[in-house]
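Participant: So here's final32.cif (mmCIF, C-alpha atoms).
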```
data_my_file
loop_
_atom_site.group_PDB
_atom_site.id
_atom_site.type_symbol
_atom_site.label_atom_id
_atom_site.label_comp_id
_atom_site.auth_asym_id
_atom_site.auth_seq_id
_atom_site.Cartn_x
_atom_site.Cartn_y
_atom_site.Cartn_z
ATOM 1 C CA MET A 1 -61.757 -155.196 36.359
ATOM 2 C CA ALA A 2 -58.092 -155.287 35.336
ATOM 3 C CA TYR A 3 -58.612 -152.096 33.376
ATOM 4 C CA PHE A 4 -60.104 -150.385 36.434
ATOM 5 C CA VAL A 5 -57.173 -151.534 38.604
ATOM 6 C CA ALA A 6 -54.722 -150.203 36.013
ATOM 7 C CA PHE A 7 -56.578 -146.879 36.031
ATOM 8 C CA LEU A 8 -56.435 -146.683 39.837
ATOM 9 C CA LEU A 9 -52.734 -147.591 39.909
ATOM 10 C CA ALA A 10 -52.011 -144.909 37.304
ATOM 11 C CA LEU A 11 -53.988 -142.423 39.388
ATOM 12 C CA VAL A 12 -51.974 -143.201 42.527
ATOM 13 C CA SER A 13 -48.716 -143.217 40.594
ATOM 14 C CA TYR A 14 -49.303 -139.847 38.945
ATOM 15 C CA SER A 15 -50.591 -138.190 42.102
ATOM 16 C CA LEU A 16 -48.130 -139.480 44.721
ATOM 17 C CA ILE A 17 -45.129 -141.379 43.394
ATOM 18 C CA ASP A 18 -44.511 -139.356 40.235
ATOM 19 C CA ASN A 19 -45.824 -136.141 41.741
ATOM 20 C CA VAL A 20 -45.961 -133.180 39.396
ATOM 21 C CA LEU A 21 -44.428 -130.752 41.901
ATOM 22 C CA LEU A 22 -41.952 -132.821 43.848
ATOM 23 C CA SER A 23 -40.807 -135.292 41.237
ATOM 24 C CA ARG A 24 -41.343 -133.650 37.858
ATOM 25 C CA PHE A 25 -40.881 -130.061 39.122
ATOM 26 C CA TYR A 26 -43.704 -128.482 37.085
ATOM 27 C CA GLY A 27 -45.608 -125.512 38.478
ATOM 28 C CA ILE A 28 -43.083 -124.715 41.191
ATOM 29 C CA CYS A 29 -43.749 -120.966 40.921
ATOM 30 C CA SER A 30 -47.352 -121.156 42.090
ATOM 31 C CA PHE A 31 -46.346 -123.841 44.622
ATOM 32 C CA ILE A 32 -43.928 -121.470 46.312
ATOM 33 C CA GLY A 33 -45.896 -118.289 45.628
ATOM 34 C CA VAL A 34 -49.416 -119.304 46.622
ATOM 35 C CA GLY A 35 -48.445 -121.988 49.119
ATOM 36 C CA ASN A 36 -48.232 -119.648 52.091
ATOM 37 C CA LYS A 37 -51.953 -119.443 52.883
ATOM 38 C CA VAL A 38 -54.104 -122.547 53.163
ATOM 39 C CA LYS A 39 -57.226 -120.968 51.693
ATOM 40 C CA SER A 40 -55.533 -119.506 48.623
ATOM 41 C CA ALA A 41 -53.554 -122.712 48.133
ATOM 42 C CA VAL A 42 -56.690 -124.880 48.122
ATOM 43 C CA SER A 43 -58.537 -122.449 45.831
ATOM 44 C CA MET A 44 -55.612 -122.370 43.413
ATOM 45 C CA GLY A 45 -55.349 -126.177 43.587
ATOM 46 C CA ILE A 46 -59.038 -126.621 42.726
ATOM 47 C CA ALA A 47 -58.791 -124.179 39.816
ATOM 48 C CA VAL A 48 -55.704 -126.026 38.522
ATOM 49 C CA VAL A 49 -57.506 -129.407 38.841
ATOM 50 C CA PHE A 50 -60.363 -128.069 36.756
ATOM 51 C CA VAL A 51 -58.105 -126.565 34.089
ATOM 52 C CA ILE A 52 -55.805 -129.614 33.806
ATOM 53 C CA VAL A 53 -58.655 -132.129 33.537
ATOM 54 C CA PHE A 54 -60.644 -130.123 31.006
ATOM 55 C CA SER A 55 -57.619 -129.185 28.913
ATOM 56 C CA ALA A 56 -56.642 -132.870 28.715
ATOM 57 C CA LEU A 57 -60.235 -133.735 27.832
ATOM 58 C CA ILE A 58 -60.353 -131.182 25.011
ATOM 59 C CA CYS A 59 -56.791 -131.506 23.702
ATOM 60 C CA TYR A 60 -56.876 -135.301 23.318
ATOM 61 C CA PRO A 61 -59.568 -135.380 20.568
ATOM 62 C CA ILE A 62 -58.111 -132.285 18.872
ATOM 63 C CA TYR A 63 -54.707 -133.985 18.623
ATOM 64 C CA HIS A 64 -55.896 -137.444 17.621
ATOM 65 C CA PHE A 65 -58.804 -136.531 15.328
ATOM 66 C CA ILE A 66 -57.596 -133.285 13.736
ATOM 67 C CA LEU A 67 -53.829 -132.822 14.049
ATOM 68 C CA VAL A 68 -52.674 -136.418 13.471
ATOM 69 C CA PRO A 69 -54.870 -137.236 10.408
ATOM 70 C CA ALA A 70 -53.973 -133.886 8.812
ATOM 71 C CA ASP A 71 -50.281 -134.399 9.612
ATOM 72 C CA LEU A 72 -50.216 -131.187 11.651
ATOM 73 C CA LYS A 73 -48.523 -132.561 14.767
ATOM 74 C CA PHE A 74 -46.076 -129.653 14.737
ATOM 75 C CA LEU A 75 -48.952 -127.354 15.747
ATOM 76 C CA ASP A 76 -49.623 -129.199 19.002
ATOM 77 C CA THR A 77 -47.991 -126.710 21.404
ATOM 78 C CA VAL A 78 -49.724 -123.694 19.827
ATOM 79 C CA VAL A 79 -53.075 -125.463 19.911
ATOM 80 C CA TYR A 80 -52.624 -126.518 23.540
ATOM 81 C CA ILE A 81 -51.682 -123.008 24.629
ATOM 82 C CA LEU A 82 -54.765 -121.553 22.942
ATOM 83 C CA VAL A 83 -57.024 -124.192 24.496
ATOM 84 C CA ILE A 84 -55.529 -123.636 27.971
ATOM 85 C CA ALA A 85 -55.805 -119.841 27.658
ATOM 86 C CA SER A 86 -59.457 -120.102 26.640
ATOM 87 C CA LEU A 87 -60.241 -122.545 29.427
ATOM 88 C CA VAL A 88 -58.637 -120.363 32.067
ATOM 89 C CA GLN A 89 -60.673 -117.361 30.895
ATOM 90 C CA ILE A 90 -63.868 -119.417 30.961
ATOM 91 C CA VAL A 91 -63.103 -120.715 34.480
ATOM 92 C CA GLY A 92 -62.360 -117.146 35.570
ATOM 93 C CA LEU A 93 -65.605 -115.960 34.040
ATOM 94 C CA PHE A 94 -67.640 -118.539 35.954
ATOM 95 C CA ILE A 95 -65.847 -117.793 39.209
ATOM 96 C CA LYS A 96 -66.368 -114.078 38.691
ATOM 97 C CA LYS A 97 -70.062 -114.587 38.045
ATOM 98 C CA TYR A 98 -71.012 -117.279 40.570
ATOM 99 C CA SER A 99 -68.432 -117.368 43.375
ATOM 100 C CA PRO A 100 -67.497 -113.923 44.712
ATOM 101 C CA ALA A 101 -65.657 -115.436 47.708
ATOM 102 C CA LEU A 102 -63.401 -117.523 45.488
ATOM 103 C CA TYR A 103 -62.885 -114.583 43.153
ATOM 104 C CA LYS A 104 -61.846 -112.449 46.107
ATOM 105 C CA SER A 105 -59.236 -114.977 47.233
ATOM 106 C CA LEU A 106 -57.624 -115.654 43.840
ATOM 107 C CA GLY A 107 -59.264 -113.393 41.279
ATOM 108 C CA ILE A 108 -56.098 -111.506 40.445
ATOM 109 C CA TYR A 109 -53.998 -114.647 40.115
ATOM 110 C CA LEU A 110 -56.517 -116.693 38.160
ATOM 111 C CA PRO A 111 -55.305 -115.672 34.657
ATOM 112 C CA LEU A 112 -51.815 -116.749 35.701
ATOM 113 C CA ILE A 113 -52.880 -120.419 35.611
ATOM 114 C CA THR A 114 -52.353 -120.055 31.861
ATOM 115 C CA THR A 115 -48.634 -119.793 32.495
ATOM 116 C CA ASN A 116 -48.586 -122.743 34.922
ATOM 117 C CA CYS A 117 -46.354 -125.218 33.139
ATOM 118 C CA ALA A 118 -48.018 -128.152 34.947
ATOM 119 C CA VAL A 119 -51.069 -127.718 32.719
ATOM 120 C CA LEU A 120 -49.146 -127.647 29.452
ATOM 121 C CA GLY A 121 -46.790 -130.356 30.735
ATOM 122 C CA VAL A 122 -49.580 -132.852 31.376
ATOM 123 C CA VAL A 123 -51.256 -132.294 28.020
ATOM 124 C CA GLN A 124 -47.958 -132.490 26.168
ATOM 125 C CA GLU A 125 -46.972 -135.639 28.048
ATOM 126 C CA ASN A 126 -50.274 -137.308 27.131
ATOM 127 C CA THR A 127 -49.585 -136.934 23.435
ATOM 128 C CA ASP A 128 -45.810 -137.435 23.497
ATOM 129 C CA THR A 129 -46.082 -140.785 25.284
ATOM 130 C CA SER A 130 -49.095 -141.857 23.145
ATOM 131 C CA LEU A 131 -51.284 -142.652 26.146
ATOM 132 C CA SER A 132 -54.783 -144.010 25.594
ATOM 133 C CA PHE A 133 -57.737 -141.772 26.438
ATOM 134 C CA ALA A 134 -58.356 -143.461 29.815
ATOM 135 C CA MET A 135 -54.685 -143.253 30.764
ATOM 136 C CA SER A 136 -54.578 -139.613 29.630
ATOM 137 C CA MET A 137 -57.456 -138.859 31.932
ATOM 138 C CA ALA A 138 -55.775 -140.822 34.752
ATOM 139 C CA ASN A 139 -52.641 -138.751 34.162
ATOM 140 C CA ALA A 140 -54.606 -135.484 34.161
ATOM 141 C CA LEU A 141 -56.698 -136.370 37.214
ATOM 142 C CA GLY A 142 -53.817 -137.907 39.167
ATOM 143 C CA THR A 143 -51.427 -135.082 38.393
ATOM 144 C CA SER A 144 -53.925 -132.382 39.295
ATOM 145 C CA LEU A 145 -54.996 -134.126 42.512
ATOM 146 C CA GLY A 146 -51.330 -134.576 43.399
ATOM 147 C CA TYR A 147 -50.835 -130.850 42.827
ATOM 148 C CA LEU A 148 -53.822 -130.027 45.040
ATOM 149 C CA LEU A 149 -52.654 -132.374 47.806
ATOM 150 C CA MET A 150 -49.074 -131.132 47.820
ATOM 151 C CA ILE A 151 -49.935 -127.436 47.687
ATOM 152 C CA PHE A 152 -52.375 -127.964 50.580
ATOM 153 C CA VAL A 153 -49.844 -129.873 52.709
ATOM 154 C CA PHE A 154 -47.146 -127.332 51.882
ATOM 155 C CA ALA A 155 -49.410 -124.413 52.854
ATOM 156 C CA CYS A 156 -50.278 -126.109 56.171
ATOM 157 C CA ILE A 157 -46.582 -126.646 56.964
ATOM 158 C CA ARG A 158 -45.688 -123.072 56.022
ATOM 159 C CA THR A 159 -48.502 -121.675 58.162
ATOM 160 C CA ARG A 160 -47.123 -123.593 61.137
ATOM 161 C CA LEU A 161 -43.566 -122.570 60.309
ATOM 162 C CA ASP A 162 -44.576 -118.904 60.543
ATOM 163 C CA THR A 163 -45.267 -119.359 64.245
ATOM 164 C CA TYR A 164 -41.868 -120.910 64.946
ATOM 165 C CA ASN A 165 -38.702 -119.036 65.739
ATOM 166 C CA THR A 166 -36.903 -119.671 62.455
ATOM 167 C CA PRO A 167 -33.383 -118.253 62.134
ATOM 168 C CA ARG A 168 -33.420 -114.960 60.236
ATOM 169 C CA ALA A 169 -31.364 -116.311 57.336
ATOM 170 C CA PHE A 170 -33.898 -119.092 56.733
ATOM 171 C CA LYS A 171 -37.104 -117.066 57.051
ATOM 172 C CA GLY A 172 -39.429 -116.939 54.048
ATOM 173 C CA ILE A 173 -38.348 -118.616 50.821
ATOM 174 C CA PRO A 174 -35.248 -120.501 52.112
ATOM 175 C CA ILE A 175 -37.178 -122.465 54.734
ATOM 176 C CA ALA A 176 -39.966 -123.023 52.171
ATOM 177 C CA LEU A 177 -37.464 -124.552 49.745
ATOM 178 C CA ILE A 178 -35.973 -126.741 52.464
ATOM 179 C CA THR A 179 -39.493 -127.882 53.387
ATOM 180 C CA ALA A 180 -40.225 -128.684 49.735
ATOM 181 C CA ALA A 181 -36.971 -130.663 49.504
ATOM 182 C CA ILE A 182 -37.835 -132.722 52.594
ATOM 183 C CA MET A 183 -41.330 -133.336 51.207
ATOM 184 C CA ALA A 184 -39.809 -134.497 47.907
ATOM 185 C CA MET A 185 -37.507 -136.891 49.774
ATOM 186 C CA ALA A 186 -40.477 -138.221 51.751
ATOM 187 C CA MET A 187 -42.394 -138.862 48.533
ATOM 188 C CA THR A 188 -39.540 -140.915 47.089
ATOM 189 C CA GLY A 189 -40.220 -143.357 49.929
ATOM 190 C CA LEU A 190 -43.371 -144.385 48.082
ATOM 191 C CA THR A 191 -41.399 -145.521 45.026
ATOM 192 C CA GLY A 192 -41.944 -149.187 44.328
ATOM 193 C CA ILE A 193 -45.587 -149.386 45.395
ATOM 194 C CA GLY A 194 -47.402 -151.772 43.086
ATOM 195 C CA ALA A 195 -44.158 -153.150 41.655
ATOM 196 C CA MET B 196 -53.794 -135.686 2.683
ATOM 197 C CA ASP B 197 -53.003 -132.993 0.128
ATOM 198 C CA LYS B 198 -50.372 -130.542 1.400
ATOM 199 C CA THR B 199 -52.395 -127.457 0.478
ATOM 200 C CA LEU B 200 -55.456 -128.808 2.250
ATOM 201 C CA ALA B 201 -53.356 -129.565 5.349
ATOM 202 C CA ILE B 202 -52.021 -126.007 5.413
ATOM 203 C CA VAL B 203 -55.534 -124.581 5.024
ATOM 204 C CA LEU B 204 -56.783 -126.845 7.807
ATOM 205 C CA ALA B 205 -53.903 -125.770 10.042
ATOM 206 C CA ILE B 206 -54.753 -122.111 9.483
ATOM 207 C CA VAL B 207 -58.454 -122.788 10.155
ATOM 208 C CA VAL B 208 -57.676 -124.662 13.401
ATOM 209 C CA ILE B 209 -55.442 -121.870 14.658
ATOM 210 C CA ILE B 210 -57.931 -119.151 13.693
ATOM 211 C CA VAL B 211 -60.869 -120.943 15.337
ATOM 212 C CA LEU B 212 -58.947 -121.498 18.575
ATOM 213 C CA ALA B 213 -57.661 -117.914 18.545
ATOM 214 C CA ILE B 214 -61.222 -116.609 18.100
ATOM 215 C CA VAL B 215 -62.408 -118.759 21.021
ATOM 216 C CA ALA B 216 -59.538 -117.452 23.163
ATOM 217 C CA ILE B 217 -60.236 -113.824 22.231
ATOM 218 C CA VAL B 218 -64.001 -114.145 22.793
ATOM 219 C CA SER B 219 -63.492 -115.776 26.200
ATOM 220 C CA PHE B 220 -60.975 -113.057 27.117
ATOM 221 C CA VAL B 221 -63.386 -110.282 26.104
ATOM 222 C CA LEU B 222 -66.255 -111.933 28.005
ATOM 223 C CA TYR B 223 -64.031 -112.289 31.086
ATOM 224 C CA ARG B 224 -63.108 -108.614 30.893
ATOM 225 C CA LYS B 225 -66.701 -107.506 30.340
ATOM 226 C CA THR B 226 -68.136 -109.524 33.228
ATOM 227 C CA PRO B 227 -68.465 -107.127 36.159
ATOM 228 C CA ALA B 228 -66.489 -107.992 39.277
ATOM 229 C CA PRO B 229 -68.607 -109.026 42.299
ATOM 230 C CA LYS B 230 -69.392 -106.442 44.970
ATOM 231 C CA GLY B 231 -66.417 -105.722 47.189
ATOM 232 C CA CYS B 232 -63.941 -107.116 44.645
ATOM 233 C CA GLU B 233 -63.701 -104.055 42.380
ATOM 234 C CA ASN B 234 -60.321 -102.901 43.616
ATOM 235 C CA LEU B 235 -58.473 -106.062 44.557
ATOM 236 C CA GLU B 236 -54.817 -105.533 45.360
ATOM 237 C CA PRO B 237 -52.176 -108.221 44.910
ATOM 238 C CA ASP B 238 -50.665 -109.725 48.047
ATOM 239 C CA GLU B 239 -47.180 -108.293 48.521
ATOM 240 C CA GLY B 240 -45.650 -111.384 50.134
ATOM 241 C CA LEU B 241 -47.017 -113.612 47.426
ATOM 242 C CA CYS B 242 -45.920 -111.390 44.541
ATOM 243 C CA CYS B 243 -42.440 -110.878 45.961
ATOM 244 C CA ALA B 244 -41.931 -114.648 46.070
ATOM 245 C CA CYS B 245 -43.195 -115.249 42.553
ATOM 246 C CA LEU B 246 -40.708 -115.099 39.696
ATOM 247 C CA LYS B 247 -43.085 -115.136 36.726
ATOM 248 C CA GLN B 248 -41.716 -112.369 34.568
ATOM 249 C CA GLY B 249 -44.772 -112.341 32.306
ATOM 250 C CA CYS B 250 -47.053 -111.375 35.183
ATOM 251 C CA PRO B 251 -48.390 -107.787 35.068
ATOM 252 C CA TYR B 252 -47.485 -107.341 38.748
ATOM 253 C CA PHE B 253 -43.897 -108.580 38.382
ATOM 254 C CA ALA B 254 -42.325 -105.164 37.744
ATOM 255 C CA GLN B 255 -44.251 -103.605 40.632
ATOM 256 C CA TYR B 256 -42.618 -105.900 43.186
ATOM 257 C CA HIS B 257 -39.242 -106.641 41.654
ATOM 258 C CA ASP B 258 -38.039 -103.142 40.736
ATOM 259 C CA LYS B 259 -36.484 -102.606 44.154
ATOM 260 C CA LYS B 260 -32.724 -102.559 44.319
ATOM 261 C CA PRO B 261 -31.229 -105.577 46.085
ATOM 262 C CA ALA B 262 -29.862 -103.376 48.869
ATOM 263 C CA GLU B 263 -33.382 -102.186 49.779
ATOM 264 C CA ASP B 264 -34.606 -105.713 50.311
ATOM 265 C CA SER B 265 -33.607 -106.651 53.825
ATOM 266 C CA THR B 266 -33.690 -110.393 53.149
ATOM 267 C CA LEU B 267 -31.392 -110.157 50.135
ATOM 268 C CA ALA B 268 -29.074 -107.475 51.425
ATOM 269 C CA SER B 269 -25.493 -108.511 51.853
ATOM 270 C CA PRO B 270 -24.648 -108.969 55.495
ATOM 271 C CA SER B 271 -22.904 -105.977 56.997
ATOM 272 C CA LYS B 272 -19.313 -106.379 58.036
ATOM 273 C CA PRO B 273 -18.990 -107.629 61.590
ATOM 274 C CA ALA B 274 -17.869 -104.996 64.028
ATOM 275 C CA ALA B 275 -14.235 -105.191 65.012
ATOM 276 C CA PRO B 276 -13.823 -106.844 68.395
ATOM 277 C CA LYS B 277 -13.212 -104.399 71.182
ATOM 278 C CA VAL B 278 -9.727 -104.572 72.593
ATOM 279 C CA PRO B 279 -10.007 -104.714 76.348
ATOM 280 C CA GLU B 280 -8.430 -101.720 77.989
ATOM 281 C CA ALA B 281 -5.387 -102.401 80.059
ATOM 282 C CA PRO B 282 -6.018 -102.195 83.796
ATOM 283 C CA GLN B 283 -5.065 -98.862 85.428
ATOM 284 C CA SER B 284 -2.326 -100.437 87.511
ATOM 285 C CA GLU B 285 -0.492 -101.518 84.335
ATOM 286 C CA LYS B 286 -0.816 -97.974 82.895
ATOM 287 C CA LYS B 287 0.773 -96.507 86.014
ATOM 288 C CA GLU B 288 3.689 -98.916 85.726
ATOM 289 C CA GLU B 289 4.209 -97.907 82.108
ATOM 290 C CA LYS B 290 4.366 -94.224 83.142
ATOM 291 C CA LYS B 291 7.023 -94.987 85.736
#
```
Could you spell out this file's structure in structure tokens?
Facilitator:
Amino acid sequence: MAYFVAFLLALVSYSLIDNVLLSRFYGICSFIGVGNKVKSAVSMGIAVVFVIVFSALICYPIYHFILVPADLKFLDTVVYILVIASLVQIVGLFIKKYSPALYKSLGIYLPLITTNCAVLGVVQENTDTSLSFAMSMANALGTSLGYLLMIFVFACIRTRLDTYNTPRAFKGIPIALITAAIMAMAMTGLTGIGA
Amino acid sequence: MDKTLAIVLAIVVIIVLAIVAIVSFVLYRKTPAPKGCENLEPDEGLCCACLKQGCPYFAQYHDKKPAEDSTLASPSKPAAPKVPEAPQSEKKEEKK
């Protein structure tokens, strides 16, 4: 039971309190770039959830059962990049084959998940901080769900902002950055939960 | 573990992962796009906001000179305030 509670707390911590976008500042490019339409934002978020969780799932055994015993820890970044690139192509392949609607909304941008530093950041963090397998998965799941939640909320706010009479100097990216800053400040209010 | 064996294993790991990446890339390329998605165009607003320089669409949307981009253009100099003309009665007095 205590283990399950620890897993849940880690999940909440990684998704909300230590949010990947607003606290650790990974994956900001797609956050700003794709976060202007709700549908594309959610699709991108789901694709990122899938890639982060599966890359953490695959990279953990590769690191602990191949790289560490063979004393090849220096190869970790190269290995992770290759795993992430393969995973993204496989996800893209499935989307292309089985979900034309999803492919239409983010088909062009799908290969760019490879360069999303949130994916590499989570996997690297799992091994650098020597997390257990369960905690690695909590980190991957929490981080990716936090990404999905924040990109969705951000897209909703930006959609509403488009209808408002924003001053010309703030239109577009400036108001988006201010919104992101206010969201980040709001998230810091959750610090201390579970302490 | 023997150093030579470790190096061989490292090369094998890299080669295997590279082969998987290449095969998945080729399969992705070979899979036909669904109907209606053959000629997808990138969204201009989205690509203009993105700063990923490795993206194949980056050059297409970031080649414009800064002056052409209305949002980044330097604000034009404010027009000089108009000096109000002196009333005609004053002009007449000056003539006298």
Participant: So that I can check the surroundings of region 62-68 of chain A, please list as JSON, numbers by chain every protein, DNA and RNA residue that reaches within 12 Å of it, counting only C-alpha atoms and ignoring chain neighbours fewer than 3 positions away.
Facilitator: {"A": [55, 56, 57, 58, 59, 71, 72, 73, 74, 75, 76, 77, 78, 79, 80, 82, 83, 123, 124, 126, 127, 128, 130, 131, 132, 133], "B": [196, 201, 202, 204, 205, 206, 207, 208, 209, 212]}
Participant: Write out as JSON lines a residue-level contact list of chain A versus chain B with cut-off 8 Å: for each qualifying residue the closest pair of atoms and the distance in Å to one decimal, counting all atoms listed in the file, rows sorted by chain and residue number upward.
Facilitator:
```
{"residue": "A:Cys29", "atom": "CA", "partner": "B:Cys245", "partner_atom": "CA", "distance": 6.0}
{"residue": "A:Ser30", "atom": "CA", "partner": "B:Cys245", "partner_atom": "CA", "distance": 7.2}
{"residue": "A:Ile32", "atom": "CA", "partner": "B:Ala244", "partner_atom": "CA", "distance": 7.1}
{"residue": "A:Gly33", "atom": "CA", "partner": "B:Cys245", "partner_atom": "CA", "distance": 5.1}
{"residue": "A:Val34", "atom": "CA", "partner": "B:Leu241", "partner_atom": "CA", "distance": 6.2}
{"residue": "A:Asn36", "atom": "CA", "partner": "B:Leu241", "partner_atom": "CA", "distance": 7.7}
{"residue": "A:Pro69", "atom": "CA", "partner": "B:Met196", "partner_atom": "CA", "distance": 8.0}
{"residue": "A:Ala70", "atom": "CA", "partner": "B:Ala201", "partner_atom": "CA", "distance": 5.6}
{"residue": "A:Asp71", "atom": "CA", "partner": "B:Ala201", "partner_atom": "CA", "distance": 7.1}
{"residue": "A:Leu72", "atom": "CA", "partner": "B:Ala205", "partner_atom": "CA", "distance": 6.7}
{"residue": "A:Leu75", "atom": "CA", "partner": "B:Ala205", "partner_atom": "CA", "distance": 7.7}
{"residue": "A:Val78", "atom": "CA", "partner": "B:Ile209", "partner_atom": "CA", "distance": 7.9}
{"residue": "A:Val79", "atom": "CA", "partner": "B:Ile209", "partner_atom": "CA", "distance": 6.8}
{"residue": "A:Leu82", "atom": "CA", "partner": "B:Leu212", "partner_atom": "CA", "distance": 6.0}
{"residue": "A:Val83", "atom": "CA", "partner": "B:Leu212", "partner_atom": "CA", "distance": 6.8}
{"residue": "A:Ala85", "atom": "CA", "partner": "B:Ala216", "partner_atom": "CA", "distance": 6.3}
{"residue": "A:Ser86", "atom": "CA", "partner": "B:Ala216", "partner_atom": "CA", "distance": 4.4}
{"residue": "A:Gln89", "atom": "CA", "partner": "B:Ser219", "partner_atom": "CA", "distance": 5.7}
{"residue": "A:Ile90", "atom": "CA", "partner": "B:Ser219", "partner_atom": "CA", "distance": 6.0}
{"residue": "A:Gly92", "atom": "CA", "partner": "B:Tyr223", "partner_atom": "CA", "distance": 6.8}
{"residue": "A:Leu93", "atom": "CA", "partner": "B:Tyr223", "partner_atom": "CA", "distance": 5.0}
{"residue": "A:Lys96", "atom": "CA", "partner": "B:Ala228", "partner_atom": "CA", "distance": 6.1}
{"residue": "A:Lys97", "atom": "CA", "partner": "B:Pro229", "partner_atom": "CA", "distance": 7.2}
{"residue": "A:Pro100", "atom": "CA", "partner": "B:Pro229", "partner_atom": "CA", "distance": 5.6}
{"residue": "A:Tyr103", "atom": "CA", "partner": "B:Cys232", "partner_atom": "CA", "distance": 7.7}
{"residue": "A:Lys104", "atom": "CA", "partner": "B:Cys232", "partner_atom": "CA", "distance": 5.9}
{"residue": "A:Ile108", "atom": "CA", "partner": "B:Pro237", "partner_atom": "CA", "distance": 6.8}
{"residue": "A:Leu112", "atom": "CA", "partner": "B:Cys250", "partner_atom": "CA", "distance": 7.2}
{"residue": "A:Ala169", "atom": "CA", "partner": "B:Thr266", "partner_atom": "CA", "distance": 7.6}
{"residue": "A:Ile173", "atom": "CA", "partner": "B:Ala244", "partner_atom": "CA", "distance": 7.2}
```
Participant: Mind pulling up the distance from CA of Asn116 (chain A) to CA of Arg160 (chain A)?
Facilitator: 26.3 Å
Participant: Under the rule that all atoms listed in the file are counted, which of A:Val91, A:Val42, A:Ala10, A:Ile28 is the nearest residue to Ala180 (chain A)?
Facilitator: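 Of A:Val91, A:Val42, A:Ala10, A:Ile28, the one nearest Ala180 (chain A) is A:Ile28, counting all atoms listed in the file.
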Participant: Using the chain letters and residue numbers of this document, give as number ranges by chain the residues selected by the PyMOL selection byres ((chain A and resi 45) around 10).
Facilitator: A: 30-31, 34-35, 39-44, 46-51, 144-152
